[in-house]
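Structure data (mmCIF, C-alpha atoms and all ligand atoms) from coords-v5.cif:
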```
data_my_file
loop_
_atom_site.label_atom_id
_atom_site.label_comp_id
_atom_site.auth_asym_id
_atom_site.auth_seq_id
_atom_site.Cartn_x
_atom_site.Cartn_y
_atom_site.Cartn_z
CA MET Z 1 19.41 15.84 17.87
CA SER Z 2 22.26 15.50 15.43
CA ASP Z 3 24.84 18.26 15.08
CA TYR Z 4 25.59 17.15 11.52
CA VAL Z 5 25.88 20.09 9.13
CA VAL Z 6 25.50 20.35 5.37
CA ASP Z 7 24.41 23.39 3.41
CA GLU Z 8 21.21 22.54 1.53
CA SER Z 9 21.36 25.82 -0.37
CA THR Z 10 24.18 24.39 -2.52
CA ILE Z 11 21.71 21.90 -4.05
CA PHE Z 12 20.50 22.64 -7.63
CA GLU Z 13 21.98 25.06 -10.22
CA THR Z 14 25.06 22.88 -10.81
CA PRO Z 15 27.75 23.91 -13.32
CA LEU Z 16 27.72 22.84 -16.96
CA VAL Z 17 31.13 22.04 -18.46
CA GLU Z 18 32.09 21.49 -22.08
CA LEU Z 19 33.80 18.16 -22.76
CA ASP Z 20 35.95 17.03 -25.64
CA LEU Z 21 34.87 13.45 -26.40
CA ASP Z 22 36.25 11.34 -29.22
CA ILE Z 23 33.37 11.73 -31.70
CA GLU Z 24 33.09 12.30 -35.46
CA ALA Z 25 30.23 14.79 -35.50
CA ASP Z 26 31.09 18.43 -34.96
CA ALA Z 27 28.69 18.59 -32.03
CA ASP Z 28 29.04 20.46 -28.73
CA VAL Z 29 29.04 18.08 -25.80
CA TYR Z 30 28.28 19.39 -22.32
CA ALA Z 31 28.03 17.69 -18.96
CA LYS Z 32 26.27 18.69 -15.78
CA VAL Z 33 28.57 18.34 -12.79
CA GLU Z 34 26.32 16.96 -10.11
CA TRP Z 35 28.81 16.68 -7.26
CA PHE Z 36 28.42 20.46 -6.86
CA ASN Z 37 25.19 19.64 -5.07
CA LEU Z 38 26.54 19.68 -1.46
CA TYR Z 39 30.04 20.07 -2.98
CA ASP Z 40 31.50 20.83 0.44
CA ALA Z 41 30.45 17.54 2.01
CA PRO Z 42 33.21 15.00 2.67
CA HIS Z 43 33.74 11.92 0.45
CA GLY Z 44 33.38 13.59 -2.92
CA GLY Z 45 30.59 16.07 -2.24
CA GLY Z 46 27.02 15.22 -3.14
CA SER Z 47 25.59 13.79 -6.34
CA VAL Z 48 22.62 13.85 -8.68
CA LYS Z 49 20.79 12.26 -5.75
CA SER Z 50 21.11 15.36 -3.54
CA ARG Z 51 18.38 16.83 -5.74
CA ILE Z 52 15.83 14.10 -5.16
CA ALA Z 53 16.73 13.64 -1.49
CA LYS Z 54 15.77 17.28 -1.02
CA GLY Z 55 12.73 17.01 -3.30
CA MET Z 56 11.37 13.90 -1.58
CA LEU Z 57 11.97 15.15 2.00
CA ASP Z 58 10.52 18.60 1.24
CA GLY Z 59 7.48 17.02 -0.39
CA ALA Z 60 6.91 14.62 2.52
CA GLU Z 61 7.23 17.38 5.12
CA GLU Z 62 4.87 19.65 3.20
CA ARG Z 63 2.25 16.91 2.95
CA GLY Z 64 2.69 15.96 6.61
CA ASP Z 65 3.86 12.44 5.70
CA LEU Z 66 7.11 12.96 7.59
CA GLU Z 67 6.87 14.18 11.13
CA PRO Z 68 9.34 14.59 14.00
CA GLY Z 69 10.19 11.33 15.77
CA VAL Z 70 9.84 9.17 12.68
CA THR Z 71 12.89 7.30 11.33
CA VAL Z 72 13.69 7.80 7.67
CA ILE Z 73 14.63 4.53 5.95
CA GLU Z 74 15.65 3.85 2.33
CA PRO Z 75 17.18 0.99 0.37
CA THR Z 76 20.03 2.24 -1.82
CA SER Z 77 23.43 1.34 -3.19
CA GLY Z 78 24.80 4.56 -1.85
CA ASN Z 79 24.16 7.93 -3.40
CA THR Z 80 20.51 8.20 -2.46
CA GLY Z 81 21.43 6.81 0.94
CA SER Z 82 24.17 9.29 1.67
CA GLU Z 83 22.07 12.21 0.46
CA ILE Z 84 18.97 11.22 2.40
CA ALA Z 85 21.13 10.50 5.46
CA ARG Z 86 22.76 13.93 5.21
CA LEU Z 87 19.61 15.96 4.70
CA ALA Z 88 17.48 13.99 7.17
CA ALA Z 89 20.20 14.28 9.83
CA VAL Z 90 20.32 18.03 9.38
CA ARG Z 91 16.54 18.14 9.76
CA GLY Z 92 16.77 16.13 13.00
CA TYR Z 93 15.51 12.69 11.93
CA ASP Z 94 17.06 9.33 12.73
CA VAL Z 95 18.04 7.50 9.56
CA GLU Z 96 18.48 3.84 8.60
CA ILE Z 97 19.94 2.90 5.23
CA VAL Z 98 19.79 -0.58 3.67
CA MET Z 99 22.69 -1.24 1.28
CA PRO Z 100 24.37 -4.13 -0.51
CA ASP Z 101 27.70 -5.09 1.06
CA ASN Z 102 29.62 -4.17 -2.10
CA ALA Z 103 28.55 -0.51 -2.03
CA ALA Z 104 31.38 1.89 -2.89
CA GLY Z 105 33.54 2.78 0.12
CA GLY Z 106 33.09 6.53 -0.12
CA LYS Z 107 29.34 6.16 -0.07
CA VAL Z 108 29.35 3.91 2.98
CA GLU Z 109 31.57 6.42 4.78
CA ALA Z 110 29.28 9.30 3.82
CA VAL Z 111 26.26 7.46 5.25
CA ARG Z 112 28.19 6.63 8.44
CA ASP Z 113 29.42 10.21 8.85
CA ALA Z 114 25.86 11.45 8.78
CA GLY Z 115 25.16 9.18 11.77
CA ALA Z 116 22.81 6.77 9.99
CA GLU Z 117 22.46 3.13 10.93
CA ILE Z 118 23.38 0.81 8.05
CA HIS Z 119 21.84 -2.60 7.30
CA PHE Z 120 24.05 -4.53 4.87
CA VAL Z 121 22.62 -7.15 2.52
CA ASP Z 122 24.68 -9.84 0.76
CA ALA Z 123 25.46 -8.31 -2.65
CA ASN Z 124 25.32 -11.75 -4.20
CA ARG Z 125 21.56 -11.65 -3.68
CA GLY Z 126 21.32 -8.68 -5.98
CA TYR Z 127 19.69 -5.35 -5.61
CA ASP Z 128 16.10 -6.53 -5.40
CA ALA Z 129 17.05 -8.23 -2.12
CA VAL Z 130 18.07 -4.86 -0.69
CA ILE Z 131 14.58 -3.53 -1.40
CA GLU Z 132 12.99 -6.63 0.15
CA ARG Z 133 15.07 -6.28 3.34
CA CYS Z 134 13.96 -2.68 3.70
CA GLU Z 135 10.33 -3.69 3.27
CA ALA Z 136 10.74 -6.35 5.95
CA ILE Z 137 12.22 -3.86 8.44
CA ILE Z 138 9.31 -1.46 7.88
CA ALA Z 139 6.72 -4.25 8.11
CA ALA Z 140 7.94 -5.10 11.61
CA ASP Z 141 7.08 -1.58 12.86
CA PRO Z 142 5.26 0.39 10.16
CA ASP Z 143 4.48 3.50 12.23
CA ALA Z 144 8.10 4.05 13.19
CA TYR Z 145 9.35 4.57 9.64
CA PHE Z 146 9.02 6.86 6.68
CA ARG Z 147 10.43 5.54 3.41
CA PRO Z 148 10.92 8.21 0.74
CA ASN Z 149 10.92 5.39 -1.83
CA GLN Z 150 12.88 6.71 -4.77
CA TYR Z 151 11.44 3.93 -6.98
CA GLU Z 152 7.85 5.05 -6.63
CA ASN Z 153 7.90 8.63 -5.36
CA PRO Z 154 6.74 11.10 -8.05
CA ASP Z 155 8.91 13.75 -6.33
CA ASN Z 156 11.94 11.87 -7.74
CA PRO Z 157 11.22 12.54 -11.43
CA GLY Z 158 9.26 15.63 -10.40
CA THR Z 159 12.32 17.30 -8.88
CA HIS Z 160 14.29 16.71 -12.09
CA GLU Z 161 11.44 18.03 -14.19
CA ARG Z 162 11.35 21.25 -12.15
CA THR Z 163 15.11 21.78 -11.73
CA THR Z 164 17.49 19.74 -13.91
CA ALA Z 165 15.49 20.28 -17.11
CA ARG Z 166 15.17 24.03 -16.67
CA GLU Z 167 18.83 24.40 -15.71
CA ILE Z 168 19.94 22.57 -18.86
CA TYR Z 169 17.53 24.47 -21.08
CA GLU Z 170 18.71 27.82 -19.76
CA ALA Z 171 22.43 27.00 -19.71
CA THR Z 172 22.30 25.92 -23.38
CA ASP Z 173 20.14 28.93 -24.38
CA GLY Z 174 17.43 26.49 -25.33
CA GLU Z 175 19.63 24.81 -27.92
CA VAL Z 176 19.93 21.36 -26.35
CA THR Z 177 19.26 18.71 -29.01
CA HIS Z 178 20.10 15.54 -27.02
CA PHE Z 179 19.82 14.72 -23.34
CA VAL Z 180 21.54 11.52 -22.22
CA ALA Z 181 21.21 9.92 -18.76
CA GLY Z 182 21.64 6.49 -17.19
CA VAL Z 183 18.74 4.59 -15.69
CA GLY Z 184 18.69 3.56 -12.05
CA THR Z 185 15.30 4.55 -10.72
CA GLY Z 186 14.84 6.28 -14.07
CA GLY Z 187 14.00 9.48 -12.19
CA THR Z 188 16.66 11.58 -13.91
CA ILE Z 189 15.82 10.57 -17.48
CA THR Z 190 12.05 10.55 -16.91
CA GLY Z 191 11.82 13.91 -15.13
CA THR Z 192 14.50 15.79 -17.06
CA GLY Z 193 13.24 14.21 -20.28
CA ARG Z 194 9.67 15.37 -19.61
CA GLY Z 195 10.84 18.86 -18.73
CA LEU Z 196 13.07 19.23 -21.77
CA THR Z 197 10.46 17.78 -24.12
CA ASP Z 198 8.09 20.41 -22.82
CA LEU Z 199 10.55 23.31 -22.91
CA THR Z 200 11.86 22.49 -26.41
CA ASP Z 201 8.48 21.49 -27.85
CA GLY Z 202 9.81 18.02 -28.44
CA ALA Z 203 12.95 19.14 -30.26
CA ALA Z 204 15.34 17.61 -27.72
CA GLU Z 205 15.96 13.90 -28.18
CA ILE Z 206 15.79 12.01 -24.87
CA VAL Z 207 18.23 9.09 -24.63
CA GLY Z 208 18.31 6.75 -21.63
CA PHE Z 209 21.11 4.26 -21.21
CA GLU Z 210 21.10 1.00 -19.30
CA PRO Z 211 23.85 -1.49 -18.47
CA ASP Z 212 24.41 -3.97 -21.26
CA GLU Z 213 25.30 -6.91 -19.02
CA PRO Z 214 23.58 -8.19 -15.87
CA LEU Z 215 26.80 -8.42 -13.84
CA HIS Z 216 27.88 -4.84 -14.41
CA ALA Z 217 29.70 -2.29 -12.28
CA ILE Z 218 28.24 1.00 -13.44
CA ASP Z 219 27.21 2.37 -10.10
CA GLY Z 220 23.64 3.40 -9.61
CA LEU Z 221 22.30 1.81 -12.79
CA LYS Z 222 19.81 -1.03 -12.89
CA TYR Z 223 19.99 -3.95 -15.29
CA LEU Z 224 16.60 -4.28 -16.95
CA LYS Z 225 17.43 -5.50 -20.46
CA THR Z 226 16.43 -9.14 -20.11
CA GLY Z 227 14.91 -11.32 -17.42
CA ASP Z 228 12.44 -10.64 -14.67
CA HIS Z 229 13.57 -7.68 -12.55
CA TYR Z 230 11.82 -5.10 -10.44
CA HIS Z 231 10.81 -2.23 -12.71
CA PRO Z 232 10.68 1.15 -10.96
CA ASP Z 233 7.45 3.17 -11.31
CA THR Z 234 9.62 6.26 -11.63
CA TYR Z 235 10.97 5.04 -14.97
CA ASP Z 236 8.56 6.02 -17.75
CA GLU Z 237 10.06 4.71 -20.98
CA SER Z 238 7.47 6.55 -23.06
CA VAL Z 239 9.45 9.75 -22.37
CA LEU Z 240 12.50 8.30 -24.16
CA ASP Z 241 13.20 8.60 -27.86
CA ARG Z 242 15.89 5.98 -27.62
CA THR Z 243 17.47 3.48 -25.20
CA ALA Z 244 21.19 2.82 -25.40
CA TYR Z 245 23.12 -0.03 -23.77
CA VAL Z 246 26.56 0.52 -22.29
CA THR Z 247 29.13 -2.04 -21.17
CA THR Z 248 31.07 -1.52 -17.96
CA ALA Z 249 34.33 -1.80 -19.93
CA ASP Z 250 33.30 1.12 -22.18
CA ALA Z 251 32.10 3.17 -19.21
CA TYR Z 252 35.45 2.71 -17.43
CA ASP Z 253 37.41 3.41 -20.63
CA GLN Z 254 35.57 6.71 -21.08
CA ALA Z 255 36.10 7.69 -17.43
CA ARG Z 256 39.83 7.05 -17.89
CA ALA Z 257 39.85 8.91 -21.21
CA LEU Z 258 38.33 11.98 -19.54
CA ARG Z 259 40.96 11.91 -16.81
CA GLU Z 260 43.71 11.72 -19.40
CA ARG Z 261 42.21 14.31 -21.73
CA TYR Z 262 42.21 16.88 -18.92
CA LEU Z 263 45.53 16.08 -17.25
CA ASP Z 264 47.08 19.28 -18.60
CA ASP Z 265 44.12 21.24 -19.93
CA ALA Z 266 41.49 22.98 -17.85
CA VAL Z 267 37.92 21.73 -18.22
CA PRO Z 268 36.00 24.61 -19.88
CA ILE Z 269 33.13 25.93 -17.77
CA ALA Z 270 30.15 26.66 -20.03
CA ASP Z 271 27.80 27.82 -17.28
CA PRO Z 272 28.75 28.15 -13.61
CA GLY Z 273 25.26 27.58 -12.22
CA GLN Z 274 25.09 29.02 -8.71
CA HIS Z 275 28.85 28.78 -8.08
CA ASP Z 276 31.79 31.10 -8.67
CA GLU Z 277 34.68 30.04 -10.84
CA GLU Z 278 37.10 29.66 -7.94
CA THR Z 279 34.79 27.20 -6.14
CA ILE Z 280 34.28 25.25 -9.34
CA ARG Z 281 38.01 25.01 -10.04
CA GLU Z 282 38.65 23.89 -6.46
CA HIS Z 283 36.10 21.08 -6.49
CA LEU Z 284 36.11 19.96 -10.12
CA ARG Z 285 39.28 17.94 -9.65
CA VAL Z 286 40.61 15.53 -7.04
CA ASP Z 287 44.33 15.83 -6.34
CA ASP Z 288 44.48 17.95 -9.48
CA GLN Z 289 42.93 15.26 -11.68
CA PHE Z 290 39.56 15.10 -13.36
CA VAL Z 291 38.12 11.84 -12.05
CA VAL Z 292 34.46 11.16 -12.61
CA GLY Z 293 32.27 8.37 -11.27
CA THR Z 294 31.41 5.18 -13.11
CA SER Z 295 28.00 6.26 -14.43
CA ALA Z 296 29.55 9.51 -15.68
CA GLY Z 297 31.92 7.37 -17.73
CA GLY Z 298 28.82 5.48 -18.86
CA GLY Z 299 27.25 8.73 -20.02
CA ALA Z 300 30.32 9.57 -22.10
CA ALA Z 301 30.23 6.05 -23.56
CA ALA Z 302 26.55 6.50 -24.45
CA VAL Z 303 27.32 9.78 -26.26
CA VAL Z 304 30.18 8.15 -28.16
CA GLY Z 305 27.81 5.28 -29.01
CA LEU Z 306 25.22 7.73 -30.39
CA ASP Z 307 27.90 9.26 -32.59
CA GLU Z 308 29.02 5.85 -33.81
CA ALA Z 309 25.43 5.01 -34.66
CA GLY Z 310 25.28 8.15 -36.83
CA GLU Z 311 22.74 9.78 -34.52
CA LEU Z 312 24.69 13.00 -33.98
CA ASP Z 313 24.94 15.80 -36.55
CA ASP Z 314 27.24 18.76 -36.84
CA GLY Z 315 25.95 21.61 -34.73
CA ASP Z 316 24.08 19.38 -32.26
CA THR Z 317 24.15 20.25 -28.57
CA VAL Z 318 24.42 17.17 -26.38
CA VAL Z 319 24.12 17.19 -22.58
CA PHE Z 320 24.85 14.28 -20.26
CA MET Z 321 25.27 13.91 -16.51
CA LEU Z 322 28.38 13.56 -14.39
CA CYS Z 323 26.33 12.03 -11.56
CA ASP Z 324 29.12 11.89 -9.02
CA ARG Z 325 32.86 12.35 -8.55
CA GLY Z 326 35.35 9.51 -8.88
CA ASP Z 327 36.86 9.64 -5.41
CA LYS Z 328 33.72 7.93 -4.11
CA TYR Z 329 35.05 4.85 -5.92
CA ALA Z 330 38.59 4.88 -4.60
CA ASP Z 331 38.27 1.19 -3.72
CA ILE Z 332 37.68 -0.01 -7.29
CA PRO Z 333 40.44 -0.29 -9.88
CA LEU Z 334 39.35 2.57 -12.11
CA TRP Z 335 42.26 4.97 -11.99
CA GLU Z 336 45.16 2.90 -10.66
CA GLU Z 337 47.61 5.36 -12.13
CA TYR Z 338 45.97 8.17 -10.15
CA LEU Z 339 45.48 6.22 -6.94
CA MET E 1 32.91 -30.51 -6.73
CA ALA E 2 32.90 -26.84 -5.83
CA THR E 3 29.69 -24.88 -5.32
CA ILE E 4 29.13 -21.65 -7.24
CA LYS E 5 26.67 -19.26 -5.64
CA LEU E 6 24.98 -17.72 -8.65
CA PRO E 7 24.33 -13.97 -8.43
CA ALA E 8 20.61 -13.31 -8.15
CA VAL E 9 20.66 -10.94 -11.12
CA LEU E 10 21.60 -13.87 -13.35
CA VAL E 11 18.86 -16.01 -11.88
CA GLY E 12 16.21 -13.29 -11.95
CA GLY E 13 14.62 -11.72 -8.88
CA SER E 14 16.37 -11.78 -5.54
CA ALA E 15 16.86 -15.49 -5.04
CA THR E 16 20.35 -16.85 -5.40
CA SER E 17 20.85 -20.41 -6.43
CA GLU E 18 23.74 -22.76 -6.03
CA VAL E 19 25.20 -25.09 -8.56
CA ASP E 20 27.83 -27.78 -8.08
CA VAL E 21 30.58 -27.73 -10.68
CA ALA E 22 33.78 -29.74 -11.12
CA GLY E 23 37.11 -28.00 -11.69
CA ASP E 24 40.51 -27.56 -10.04
CA THR E 25 41.01 -23.93 -11.05
CA VAL E 26 38.77 -20.90 -11.44
CA ARG E 27 39.07 -21.20 -15.23
CA GLU E 28 38.08 -24.88 -15.26
CA LEU E 29 35.15 -24.15 -13.02
CA PHE E 30 33.65 -21.49 -15.31
CA GLU E 31 34.48 -23.48 -18.47
CA ASN E 32 32.77 -26.55 -17.05
CA HIS E 33 29.80 -24.50 -15.91
CA ALA E 34 29.45 -23.10 -19.45
CA ASP E 35 29.60 -26.59 -20.96
CA GLU E 36 26.77 -27.78 -18.75
CA HIS E 37 24.58 -24.70 -18.30
CA GLY E 38 25.41 -22.32 -21.17
CA PRO E 39 27.84 -19.41 -21.39
CA GLU E 40 26.00 -16.65 -19.50
CA LEU E 41 27.91 -16.97 -16.23
CA LYS E 42 31.29 -17.50 -17.89
CA ASP E 43 30.74 -14.53 -20.20
CA SER E 44 29.72 -12.39 -17.23
CA VAL E 45 32.91 -13.19 -15.35
CA LEU E 46 35.67 -13.76 -17.94
CA GLU E 47 36.93 -11.61 -20.80
CA ASP E 48 39.63 -12.97 -23.10
CA GLY E 49 40.09 -15.83 -20.65
CA GLU E 50 40.84 -13.57 -17.67
CA ILE E 51 38.67 -12.35 -14.80
CA LYS E 52 37.11 -9.00 -15.79
CA GLU E 53 38.66 -6.09 -13.94
CA PHE E 54 35.38 -5.09 -12.31
CA ILE E 55 34.35 -8.59 -11.20
CA ASN E 56 35.51 -10.04 -7.91
CA VAL E 57 35.66 -13.83 -7.61
CA TYR E 58 35.83 -15.20 -4.08
CA VAL E 59 36.93 -18.73 -3.30
CA GLU E 60 36.07 -19.66 0.28
CA GLY E 61 35.61 -15.97 1.02
CA THR E 62 39.04 -14.92 -0.28
CA PRO E 63 39.27 -12.80 -3.44
CA VAL E 64 41.34 -14.41 -6.19
CA GLU E 65 43.27 -12.47 -8.81
CA SER E 66 43.72 -15.02 -11.56
CA VAL E 67 41.83 -17.74 -13.40
CA THR E 68 44.68 -20.08 -12.51
CA ALA E 69 43.83 -19.84 -8.79
CA GLU E 70 43.16 -23.26 -7.33
CA VAL E 71 39.71 -24.26 -6.19
CA PRO E 72 39.74 -26.79 -3.35
CA GLU E 73 37.27 -29.70 -3.31
CA ASP E 74 33.94 -28.53 -1.83
CA ALA E 75 34.90 -24.85 -1.98
CA GLN E 76 32.22 -22.14 -2.05
CA VAL E 77 32.71 -19.71 -4.96
CA ARG E 78 31.02 -16.31 -5.20
CA VAL E 79 30.99 -13.73 -7.97
CA ILE E 80 30.28 -10.08 -7.18
CA PRO E 81 30.69 -6.94 -9.32
CA ALA E 82 32.93 -4.24 -7.86
CA ALA E 83 30.07 -1.78 -7.68
CA SER E 84 26.45 -2.37 -7.02
CA GLY E 85 23.62 -2.09 -9.46
CA GLY E 86 21.28 -0.24 -7.22
CA ARG E 87 20.85 3.45 -6.79
C1 LIG X 1 26.13 7.53 -9.73
C2 LIG X 1 24.73 7.39 -10.23
N1 LIG X 1 24.48 7.49 -11.53
C3 LIG X 1 23.24 7.33 -12.03
C4 LIG X 1 22.17 7.07 -11.23
C5 LIG X 1 20.81 6.85 -11.84
O1 LIG X 1 19.90 7.88 -11.63
P1 LIG X 1 18.34 7.61 -11.58
O2 LIG X 1 18.05 6.84 -10.34
O3 LIG X 1 17.73 8.98 -11.55
O4 LIG X 1 17.93 6.85 -12.79
C6 LIG X 1 22.41 6.97 -9.88
C7 LIG X 1 21.36 6.63 -8.96
O5 LIG X 1 21.70 6.42 -7.80
C8 LIG X 1 23.71 7.14 -9.36
O6 LIG X 1 23.97 7.02 -8.06
#
```
Here is a file; write its structure as structure tokens.
Ligand SMILES: Cc1ncc(COP(=O)(O)O)c(C=O)c1O
Amino acid sequence: MSDYVVDESTIFETPLVELDLDIEADADVYAKVEWFNLYDAPHGGGSVKSRIAKGMLDGAEERGDLEPGVTVIEPTSGNTGSEIARLAAVRGYDVEIVMPDNAAGGKVEAVRDAGAEIHFVDANRGYDAVIERCEAIIAADPDAYFRPNQYENPDNPGTHERTTAREIYEATDGEVTHFVAGVGTGGTITGTGRGLTDLTDGAAEIVGFEPDEPLHAIDGLKYLKTGDHYHPDTYDESVLDRTAYVTTADAYDQARALRERYLDDAVPIADPGQHDEETIREHLRVDDQFVVGTSAGGGAAAVVGLDEAGELDDGDTVVFMLCDRGDKYADIPLWEEYL
Amino acid sequence: MATIKLPAVLVGGSATSEVDVAGDTVRELFENHADEHGPELKDSVLEDGEIKEFINVYVEGTPVESVTAEVPEDAQVRVIPAASGGR
């Protein structure tokens, strides 16, 4: 039995902050700060994936698909892996995580800390190879494993539909006009998009963004634009009003711009979620700087792109996701001046 | 001739493929590859003639910083983004 401890009650009800992006429209832009899920955990807290790790494990336990003695296994580039490893360890399961060997350092450490076994796959073989390796491990001993399977599990979008969508709707007093999220499994955009479409009677525009180039470095996002790639079941494009494409260069520029914009100014908290202001202030920054992860920069770039395309009007209320904190990526050259 | 191990995402699916290309430096290698096979790989790796900041190029397993880095005869060259495109 593992003695690993994380506090699952800190998952969901994350803070919403107001961000000053460089856009023409006089719109309010807000971001949901997802590292407040498991904010106390080492290596940058949790991420948007803490939500679905909890949703998928709860669902499997309730249905009896996951029982004591079974090993939880999942292919992931990191965030889903660390969150499943953390929650499954706390619940007493052994965990194996299959990752590409270029996964961000902080994520590898988080998986290791939780006591999970890691199988590394040559990153050159791409992400689909990570999925195939996981399938091969399970095939060798099918009864020994339970795979949550974030690419096919309806609890992935389902958790966002039940939680993320409602949180955003309530924190914006129902005024959200645009929801913007990057596509990895597509769970965030599909589930939150469905929920917000429902809650706003279709008034909220749902915008998914994908990497613009196949060799990209926006963590957690899947290149789908051209070519023959595995398409996750959890990504239902019919929920989207629009797909945007973001380059890694723009994503990194926006992440750097956010750090610089808030060097001296506090980030305004629009809605604290379940946290008190002191906790938020303590965990919003790293070494007193506002450093967000690569897909968070991608979200800002997507919002700026919408504005440039003339899609934003004065008075709009735009919400995007800060999926994880930047210190998970300390080994990539994103904030040299800060590192 | 050096051998470039093409990232699977450029090939499609999870198979990598290898291609032999002539060139004494990293720049020559990607220029020559573009001349023979089209610009997709070169455009994925180089921006304004330099290696993109988020792309790591390995020659014989060692990361190189600059397009002027030398590529020995028969070297293995790999190209990997700094972060992974999974979830
Ligand atoms: C940092 C980050 N951003 C975005 C995503 C994409 O989220 P989704 O899988 O819900 O599409 C992920 C998925 O792992 C992620 O880790």
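Around ligand LIG 1 (chain X), the neighbouring residues within 7 Å, taking all atoms listed in the file, come to Z:Val48, Z:Lys49, Z:Gly78, Z:Asn79, Z:Thr80, Z:Gly182, Z:Val183, Z:Gly184, Z:Thr185, Z:Gly186, Z:Gly187, Z:Thr188, Z:Ile189, Z:Asp219, Z:Gly220, Z:Leu221, Z:Gly293, Z:Thr294, Z:Ser295, Z:Ala296, Z:Cys323, Z:Asp324, E:Gly86, E:Arg87.
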Pull out every residue of chain Z that has at least one atom within 8 Å of chain E, counting all atoms listed in the file, and report them as a PyMOL selection string. chain Z and resi 76-80+100+102-104+123-129+184-185+213-223+227-230+248+332-333
Would you save the residues from that selection as a PDB file, keeping the file's coordinate frame, using C-alpha atoms?
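This went into selection_15.pdb:
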```pdb
ATOM      1  CA  THR Z  76      20.030   2.240  -1.820  1.00  0.00           C
ATOM      2  CA  SER Z  77      23.430   1.340  -3.190  1.00  0.00           C
ATOM      3  CA  GLY Z  78      24.800   4.560  -1.850  1.00  0.00           C
ATOM      4  CA  ASN Z  79      24.160   7.930  -3.400  1.00  0.00           C
ATOM      5  CA  THR Z  80      20.510   8.200  -2.460  1.00  0.00           C
ATOM      6  CA  PRO Z 100      24.370  -4.130  -0.510  1.00  0.00           C
ATOM      7  CA  ASN Z 102      29.620  -4.170  -2.100  1.00  0.00           C
ATOM      8  CA  ALA Z 103      28.550  -0.510  -2.030  1.00  0.00           C
ATOM      9  CA  ALA Z 104      31.380   1.890  -2.890  1.00  0.00           C
ATOM     10  CA  ALA Z 123      25.460  -8.310  -2.650  1.00  0.00           C
ATOM     11  CA  ASN Z 124      25.320 -11.750  -4.200  1.00  0.00           C
ATOM     12  CA  ARG Z 125      21.560 -11.650  -3.680  1.00  0.00           C
ATOM     13  CA  GLY Z 126      21.320  -8.680  -5.980  1.00  0.00           C
ATOM     14  CA  TYR Z 127      19.690  -5.350  -5.610  1.00  0.00           C
ATOM     15  CA  ASP Z 128      16.100  -6.530  -5.400  1.00  0.00           C
ATOM     16  CA  ALA Z 129      17.050  -8.230  -2.120  1.00  0.00           C
ATOM     17  CA  GLY Z 184      18.690   3.560 -12.050  1.00  0.00           C
ATOM     18  CA  THR Z 185      15.300   4.550 -10.720  1.00  0.00           C
ATOM     19  CA  GLU Z 213      25.300  -6.910 -19.020  1.00  0.00           C
ATOM     20  CA  PRO Z 214      23.580  -8.190 -15.870  1.00  0.00           C
ATOM     21  CA  LEU Z 215      26.800  -8.420 -13.840  1.00  0.00           C
ATOM     22  CA  HIS Z 216      27.880  -4.840 -14.410  1.00  0.00           C
ATOM     23  CA  ALA Z 217      29.700  -2.290 -12.280  1.00  0.00           C
ATOM     24  CA  ILE Z 218      28.240   1.000 -13.440  1.00  0.00           C
ATOM     25  CA  ASP Z 219      27.210   2.370 -10.100  1.00  0.00           C
ATOM     26  CA  GLY Z 220      23.640   3.400  -9.610  1.00  0.00           C
ATOM     27  CA  LEU Z 221      22.300   1.810 -12.790  1.00  0.00           C
ATOM     28  CA  LYS Z 222      19.810  -1.030 -12.890  1.00  0.00           C
ATOM     29  CA  TYR Z 223      19.990  -3.950 -15.290  1.00  0.00           C
ATOM     30  CA  GLY Z 227      14.910 -11.320 -17.420  1.00  0.00           C
ATOM     31  CA  ASP Z 228      12.440 -10.640 -14.670  1.00  0.00           C
ATOM     32  CA  HIS Z 229      13.570  -7.680 -12.550  1.00  0.00           C
ATOM     33  CA  TYR Z 230      11.820  -5.100 -10.440  1.00  0.00           C
ATOM     34  CA  THR Z 248      31.070  -1.520 -17.960  1.00  0.00           C
ATOM     35  CA  ILE Z 332      37.680  -0.010  -7.290  1.00  0.00           C
ATOM     36  CA  PRO Z 333      40.440  -0.290  -9.880  1.00  0.00           C
TER      37      PRO Z 333
END
```
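Taking CA of Gly61 (chain E) and CA of Ala110 (chain Z) as endpoints, the distance between them is 26.2 Å.
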Fewer than 3 positions away in the same chain doesn't count, so skip those; otherwise give me all residues within 8 Å of region 23-36 of chain Z, counting all atoms listed in the file, as a ChimeraX atom specification. /Z:10-11,14-20,39-40,44-48,270,280,283,304,307-308,312-325
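Using only C-alpha atoms, the shortest contact distance between Arg51 (chain Z) and any of Z:Asp65, Z:Cys134, Z:Ser82, Z:Thr164 is found at Z:Thr164.
CA of Val70 (chain Z) is positioned 7.8 Å from CA of Asp143 (chain Z).
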Determine, counting all atoms listed in the file, which protein, DNA and RNA residues have an atom within 10 Å of an atom of region 24-36 of chain E; residues of the same chain fewer than 3 positions away are not included. Present the result as JSON, numbers by chain. {"E": [1, 2, 3, 4, 19, 20, 21, 39, 40, 41, 42, 43, 45, 46, 49, 50, 51, 57, 58, 59, 64, 65, 66, 67, 68, 69, 70, 71, 72, 73, 77]}
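For the atom pair formed by CA of Asp276 (chain Z) and CA of Arg86 (chain Z), the distance is 23.9 Å, given to one decimal.
Distances from Z:Glu135, Z:Glu8, Z:Glu152, Z:Asp58 to Thr234 (chain Z) were compared using all atoms listed in the file, and the smallest one belongs to Z:Glu152.
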